Amino acid sequence: MTTHSFALHIPDAELEPDPLDPAQIVSGTPEVTGKVVWESADGKQLRGIWQITPGVVTDTEADELFVVVSGSATIEVEGGATFTVGPGDMAVLRAGDRTTWTVHETLRKAYAITL
């Protein structure tokens, strides 16, 4: 993690295993990797890269903006919209959204989260 300004080539970034809670897995054997590349001093702002292999998982979201770099997924927000994202797409998730992610091909995204 860094405290100064920087640039990072997202497709080549080395990520670390970030295992899912087995209760989140609906189907398949999705594996998650990620890396926080910047965190605010108070720990409430995170910037990073996240990747998930194909499968279906559930999550309760934080306040997040992300941009998909590669892959695709359909995200169903409980009581809300369903949308499909792929390379170049930006999405915004609200804190507390309960989501179901159907990952069609390994998805890598860059994100900004507010806790």
# chains A, B, ... in the order shown; residues from 1 in each chain; ligands from 1
$ closest_atom_pairs --of "region 70-106 of chain A" --to "region 15-28 of chain A" --cutoff "10 Å" --atoms "only C-alpha atoms" --output "CSV"
residue,atom,partner,partner_atom,distance
A:Thr100,CA,A:Val26,CA,8.7
A:Trp101,CA,A:Val26,CA,9.4
A:Thr102,CA,A:Ser27,CA,9.1
A:Val103,CA,A:Gly28,CA,9.8
$ write_last_selection --atoms "all heavy atoms" --output "mmCIF file, in the first residue's frame"
data_model
loop_
_atom_site.group_PDB
_atom_site.id
_atom_site.type_symbol
_atom_site.label_atom_id
_atom_site.label_comp_id
_atom_site.auth_asym_id
_atom_site.auth_seq_id
_atom_site.Cartn_x
_atom_site.Cartn_y
_atom_site.Cartn_z
ATOM 1 N N THR A 100 -26.777 -10.337 -5.729
ATOM 2 C CA THR A 100 -26.391 -11.654 -6.231
ATOM 3 C C THR A 100 -25.597 -11.405 -7.508
ATOM 4 O O THR A 100 -26.093 -10.759 -8.441
ATOM 5 C CB THR A 100 -27.618 -12.529 -6.532
ATOM 6 O OG1 THR A 100 -28.362 -12.694 -5.314
ATOM 7 C CG2 THR A 100 -27.192 -13.901 -7.046
ATOM 8 N N TRP A 101 -24.364 -11.877 -7.502
ATOM 9 C CA TRP A 101 -23.460 -11.722 -8.645
ATOM 10 C C TRP A 101 -23.395 -13.045 -9.402
ATOM 11 O O TRP A 101 -23.002 -14.069 -8.829
ATOM 12 C CB TRP A 101 -22.054 -11.386 -8.176
ATOM 13 C CG TRP A 101 -21.874 -10.033 -7.568
ATOM 14 C CD1 TRP A 101 -22.448 -9.556 -6.420
ATOM 15 C CD2 TRP A 101 -21.037 -8.995 -8.060
ATOM 16 N NE1 TRP A 101 -22.017 -8.280 -6.179
ATOM 17 C CE2 TRP A 101 -21.149 -7.903 -7.169
ATOM 18 C CE3 TRP A 101 -20.202 -8.879 -9.171
ATOM 19 C CZ2 TRP A 101 -20.451 -6.727 -7.350
ATOM 20 C CZ3 TRP A 101 -19.504 -7.694 -9.345
ATOM 21 C CH2 TRP A 101 -19.633 -6.628 -8.445
ATOM 22 N N THR A 102 -23.764 -13.023 -10.687
ATOM 23 C CA THR A 102 -23.561 -14.171 -11.565
ATOM 24 C C THR A 102 -22.386 -13.802 -12.462
ATOM 25 O O THR A 102 -22.515 -12.952 -13.360
ATOM 26 C CB THR A 102 -24.819 -14.467 -12.404
ATOM 27 O OG1 THR A 102 -25.907 -14.728 -11.502
ATOM 28 C CG2 THR A 102 -24.595 -15.678 -13.305
ATOM 29 N N VAL A 103 -21.241 -14.398 -12.179
ATOM 30 C CA VAL A 103 -20.012 -14.056 -12.901
ATOM 31 C C VAL A 103 -19.897 -14.985 -14.108
ATOM 32 O O VAL A 103 -19.778 -16.199 -13.956
ATOM 33 C CB VAL A 103 -18.784 -14.172 -11.980
ATOM 34 C CG1 VAL A 103 -17.507 -13.803 -12.727
ATOM 35 C CG2 VAL A 103 -18.965 -13.291 -10.741
#
$ select_by_dssp --residues "chain A" --states "strand (DSSP E)" --output "count of residues only"
67
$ closest_residue --among "A:Gly55, A:His4, A:Ala73, A:Gly86" --to "Glu39 (chain A)" --atoms "only C-alpha atoms"
A:His4
$ atom_distance --atom1 "CA of Pro87 (chain A)" --atom2 "CA of Ala13 (chain A)"
16.3 Å
$ closest_residue --among "A:Ser5, A:Thr58, A:Met90, A:Val68" --to "Arg108 (chain A)" --atoms "only C-alpha atoms"
A:Val68
$ residues_around --residues "Leu46 (chain A)" --least-positions-apart "6" --cutoff "12 Å" --atoms "only C-alpha atoms" --output "tab-separated table (two decimals) with all heavy atoms, in the first residue's frame"
chain	number	residue	atom	x	y	z
A	1	MET	N	0.86	-1.18	0.00
A	1	MET	CA	0.00	0.00	0.00
A	1	MET	C	0.90	1.24	0.00
A	1	MET	O	1.98	1.22	0.56
A	1	MET	CB	-0.91	-0.02	1.23
A	1	MET	CG	-2.12	0.79	1.04
A	1	MET	SD	-3.46	0.51	2.22
A	1	MET	CE	-2.99	-0.87	3.17
A	2	THR	N	0.39	2.28	-0.61
A	2	THR	CA	1.21	3.48	-0.77
A	2	THR	C	0.51	4.71	-0.22
A	2	THR	O	-0.71	4.73	-0.12
A	2	THR	CB	1.58	3.66	-2.26
A	2	THR	OG1	2.42	4.78	-2.39
A	2	THR	CG2	0.36	3.85	-3.12
A	35	LYS	N	-6.55	-6.68	-3.88
A	35	LYS	CA	-5.46	-5.92	-3.27
A	35	LYS	C	-5.95	-4.50	-3.00
A	35	LYS	O	-6.47	-3.84	-3.90
A	35	LYS	CB	-4.26	-5.88	-4.20
A	35	LYS	CG	-3.06	-5.19	-3.61
A	35	LYS	CD	-1.87	-5.32	-4.52
A	35	LYS	CE	-0.62	-4.88	-3.78
A	35	LYS	NZ	0.58	-5.19	-4.54
A	36	VAL	N	-5.80	-4.06	-1.75
A	36	VAL	CA	-6.05	-2.67	-1.42
A	36	VAL	C	-4.77	-1.92	-1.76
A	36	VAL	O	-3.70	-2.27	-1.28
A	36	VAL	CB	-6.41	-2.49	0.08
A	36	VAL	CG1	-6.51	-1.02	0.44
A	36	VAL	CG2	-7.70	-3.22	0.40
A	37	VAL	N	-4.88	-0.92	-2.63
A	37	VAL	CA	-3.68	-0.17	-3.05
A	37	VAL	C	-3.56	1.18	-2.34
A	37	VAL	O	-2.51	1.79	-2.36
A	37	VAL	CB	-3.63	0.03	-4.59
A	37	VAL	CG1	-3.55	-1.32	-5.28
A	37	VAL	CG2	-4.82	0.83	-5.09
A	38	TRP	N	-4.66	1.63	-1.71
A	38	TRP	CA	-4.63	2.88	-0.95
A	38	TRP	C	-5.73	2.84	0.10
A	38	TRP	O	-6.82	2.33	-0.16
A	38	TRP	CB	-4.85	4.08	-1.88
A	38	TRP	CG	-4.84	5.39	-1.16
A	38	TRP	CD1	-3.75	6.16	-0.89
A	38	TRP	CD2	-5.97	6.09	-0.61
A	38	TRP	NE1	-4.13	7.29	-0.20
A	38	TRP	CE2	-5.49	7.27	-0.02
A	38	TRP	CE3	-7.33	5.82	-0.56
A	38	TRP	CZ2	-6.33	8.19	0.61
A	38	TRP	CZ3	-8.17	6.73	0.08
A	38	TRP	CH2	-7.66	7.90	0.64
A	39	GLU	N	-5.42	3.34	1.30
A	39	GLU	CA	-6.40	3.42	2.38
A	39	GLU	C	-6.21	4.75	3.09
A	39	GLU	O	-5.08	5.16	3.35
A	39	GLU	CB	-6.18	2.26	3.35
A	39	GLU	CG	-7.19	2.22	4.48
A	39	GLU	CD	-7.02	1.00	5.38
A	39	GLU	OE1	-6.36	0.03	4.96
A	39	GLU	OE2	-7.56	1.03	6.50
A	40	SER	N	-7.32	5.43	3.39
A	40	SER	CA	-7.25	6.70	4.11
A	40	SER	C	-6.74	6.47	5.53
A	40	SER	O	-6.84	5.36	6.06
A	40	SER	CB	-8.62	7.38	4.14
A	40	SER	OG	-9.56	6.59	4.84
A	62	ALA	N	-20.90	-2.39	0.38
A	62	ALA	CA	-20.50	-1.12	0.97
A	62	ALA	C	-20.86	-0.04	-0.07
A	62	ALA	O	-21.30	-0.36	-1.18
A	62	ALA	CB	-19.01	-1.11	1.25
A	63	ASP	N	-20.67	1.22	0.26
A	63	ASP	CA	-20.84	2.31	-0.68
A	63	ASP	C	-19.64	2.24	-1.63
A	63	ASP	O	-18.51	2.46	-1.22
A	63	ASP	CB	-20.86	3.64	0.10
A	63	ASP	CG	-20.97	4.85	-0.80
A	63	ASP	OD1	-21.29	4.70	-2.00
A	63	ASP	OD2	-20.72	5.97	-0.30
A	64	GLU	N	-19.91	1.87	-2.90
A	64	GLU	CA	-18.80	1.57	-3.81
A	64	GLU	C	-19.06	2.09	-5.22
A	64	GLU	O	-20.17	2.01	-5.73
A	64	GLU	CB	-18.60	0.05	-3.88
A	64	GLU	CG	-17.55	-0.40	-4.86
A	64	GLU	CD	-17.36	-1.91	-4.91
A	64	GLU	OE1	-18.14	-2.64	-4.26
A	64	GLU	OE2	-16.46	-2.36	-5.62
A	65	LEU	N	-18.00	2.58	-5.82
A	65	LEU	CA	-17.97	2.88	-7.24
A	65	LEU	C	-16.90	1.97	-7.81
A	65	LEU	O	-15.81	1.87	-7.23
A	65	LEU	CB	-17.60	4.34	-7.48
A	65	LEU	CG	-17.45	4.75	-8.95
A	65	LEU	CD1	-17.91	6.18	-9.13
A	65	LEU	CD2	-16.03	4.60	-9.44
A	66	PHE	N	-17.19	1.28	-8.92
A	66	PHE	CA	-16.16	0.46	-9.54
A	66	PHE	C	-16.23	0.55	-11.06
A	66	PHE	O	-17.26	0.89	-11.63
A	66	PHE	CB	-16.23	-0.99	-9.06
A	66	PHE	CG	-17.43	-1.80	-9.48
A	66	PHE	CD1	-17.46	-2.44	-10.72
A	66	PHE	CD2	-18.51	-1.94	-8.64
A	66	PHE	CE1	-18.56	-3.20	-11.09
A	66	PHE	CE2	-19.61	-2.71	-8.99
A	66	PHE	CZ	-19.64	-3.34	-10.24
A	110	ALA	N	-11.56	-2.21	-10.72
A	110	ALA	CA	-10.91	-1.25	-9.83
A	110	ALA	C	-12.03	-0.58	-9.06
A	110	ALA	O	-13.09	-0.27	-9.62
A	110	ALA	CB	-10.15	-0.22	-10.65
A	111	TYR	N	-11.83	-0.40	-7.75
A	111	TYR	CA	-12.92	0.12	-6.94
A	111	TYR	C	-12.47	1.24	-5.99
A	111	TYR	O	-11.30	1.37	-5.65
A	111	TYR	CB	-13.56	-1.01	-6.11
A	111	TYR	CG	-12.63	-1.63	-5.08
A	111	TYR	CD1	-12.43	-1.02	-3.84
A	111	TYR	CD2	-11.95	-2.81	-5.33
A	111	TYR	CE1	-11.58	-1.57	-2.89
A	111	TYR	CE2	-11.10	-3.36	-4.39
A	111	TYR	CZ	-10.92	-2.73	-3.17
A	111	TYR	OH	-10.07	-3.28	-2.24
A	112	ALA	N	-13.48	2.00	-5.57
A	112	ALA	CA	-13.34	3.00	-4.52
A	112	ALA	C	-14.50	2.75	-3.56
A	112	ALA	O	-15.66	2.80	-3.98
A	112	ALA	CB	-13.40	4.41	-5.08
A	113	ILE	N	-14.18	2.43	-2.31
A	113	ILE	CA	-15.19	2.09	-1.31
A	113	ILE	C	-15.14	3.11	-0.17
A	113	ILE	O	-14.06	3.49	0.27
A	113	ILE	CB	-14.97	0.67	-0.76
A	113	ILE	CG1	-15.28	-0.37	-1.81
A	113	ILE	CG2	-15.80	0.43	0.51
A	113	ILE	CD1	-14.99	-1.80	-1.39
A	114	THR	N	-16.33	3.49	0.31
A	114	THR	CA	-16.44	4.30	1.51
A	114	THR	C	-17.14	3.46	2.57
A	114	THR	O	-18.23	2.93	2.32
A	114	THR	CB	-17.28	5.58	1.24
A	114	THR	OG1	-16.65	6.31	0.19
A	114	THR	CG2	-17.39	6.43	2.48
A	115	LEU	N	-16.51	3.30	3.72
A	115	LEU	CA	-17.08	2.49	4.81
A	115	LEU	C	-17.79	3.38	5.81
A	115	LEU	O	-17.53	4.56	5.91
A	115	LEU	CB	-15.98	1.71	5.51
A	115	LEU	CG	-15.20	0.74	4.60
A	115	LEU	CD1	-14.04	0.12	5.36
A	115	LEU	CD2	-16.13	-0.34	4.09
$ atom_distance --atom1 "CA of Arg47 (chain A)" --atom2 "CA of Val92 (chain A)"
14.2 Å
$ closest_residue --among "A:Ile52, A:Ala41, A:Leu107, A:Val77" --to "Leu93 (chain A)" --atoms "only C-alpha atoms"
A:Val77
$ residues_around --residues "Gly80 (chain A)" --least-positions-apart "4" --cutoff "12 Å" --atoms "only C-alpha atoms" --output "PyMOL selection string"
chain A and resi 75-76+93-94+97-100
$ write_last_selection --atoms "C-alpha atoms" --output "PDB file, in the first residue's frame"
ATOM      1  CA  ILE A  75     -25.552  -8.132 -10.680  1.00  0.00           C
ATOM      2  CA  GLU A  76     -29.038  -8.419  -9.208  1.00  0.00           C
ATOM      3  CA  LEU A  93     -23.555   0.155  -5.316  1.00  0.00           C
ATOM      4  CA  ARG A  94     -25.160   1.592  -2.209  1.00  0.00           C
ATOM      5  CA  ASP A  97     -27.521  -3.345  -1.004  1.00  0.00           C
ATOM      6  CA  ARG A  98     -27.987  -7.119  -0.957  1.00  0.00           C
ATOM      7  CA  THR A  99     -26.709  -8.439  -4.261  1.00  0.00           C
ATOM      8  CA  THR A 100     -26.391 -11.654  -6.231  1.00  0.00           C
TER       9      THR A 100
END
$ atom_distance --atom1 "CA of Ala91 (chain A)" --atom2 "CA of Ser72 (chain A)"
12.4 Å
$ closest_residue --among "A:Pro11, A:Asp89, A:Val57, A:Lys44" --to "Val32 (chain A)" --atoms "only C-alpha atoms"
A:Val57
$ closest_residue --among "A:Glu31, A:Glu61, A:Val67, A:Gly48" --to "Ala7 (chain A)" --atoms "only C-alpha atoms"
A:Gly48
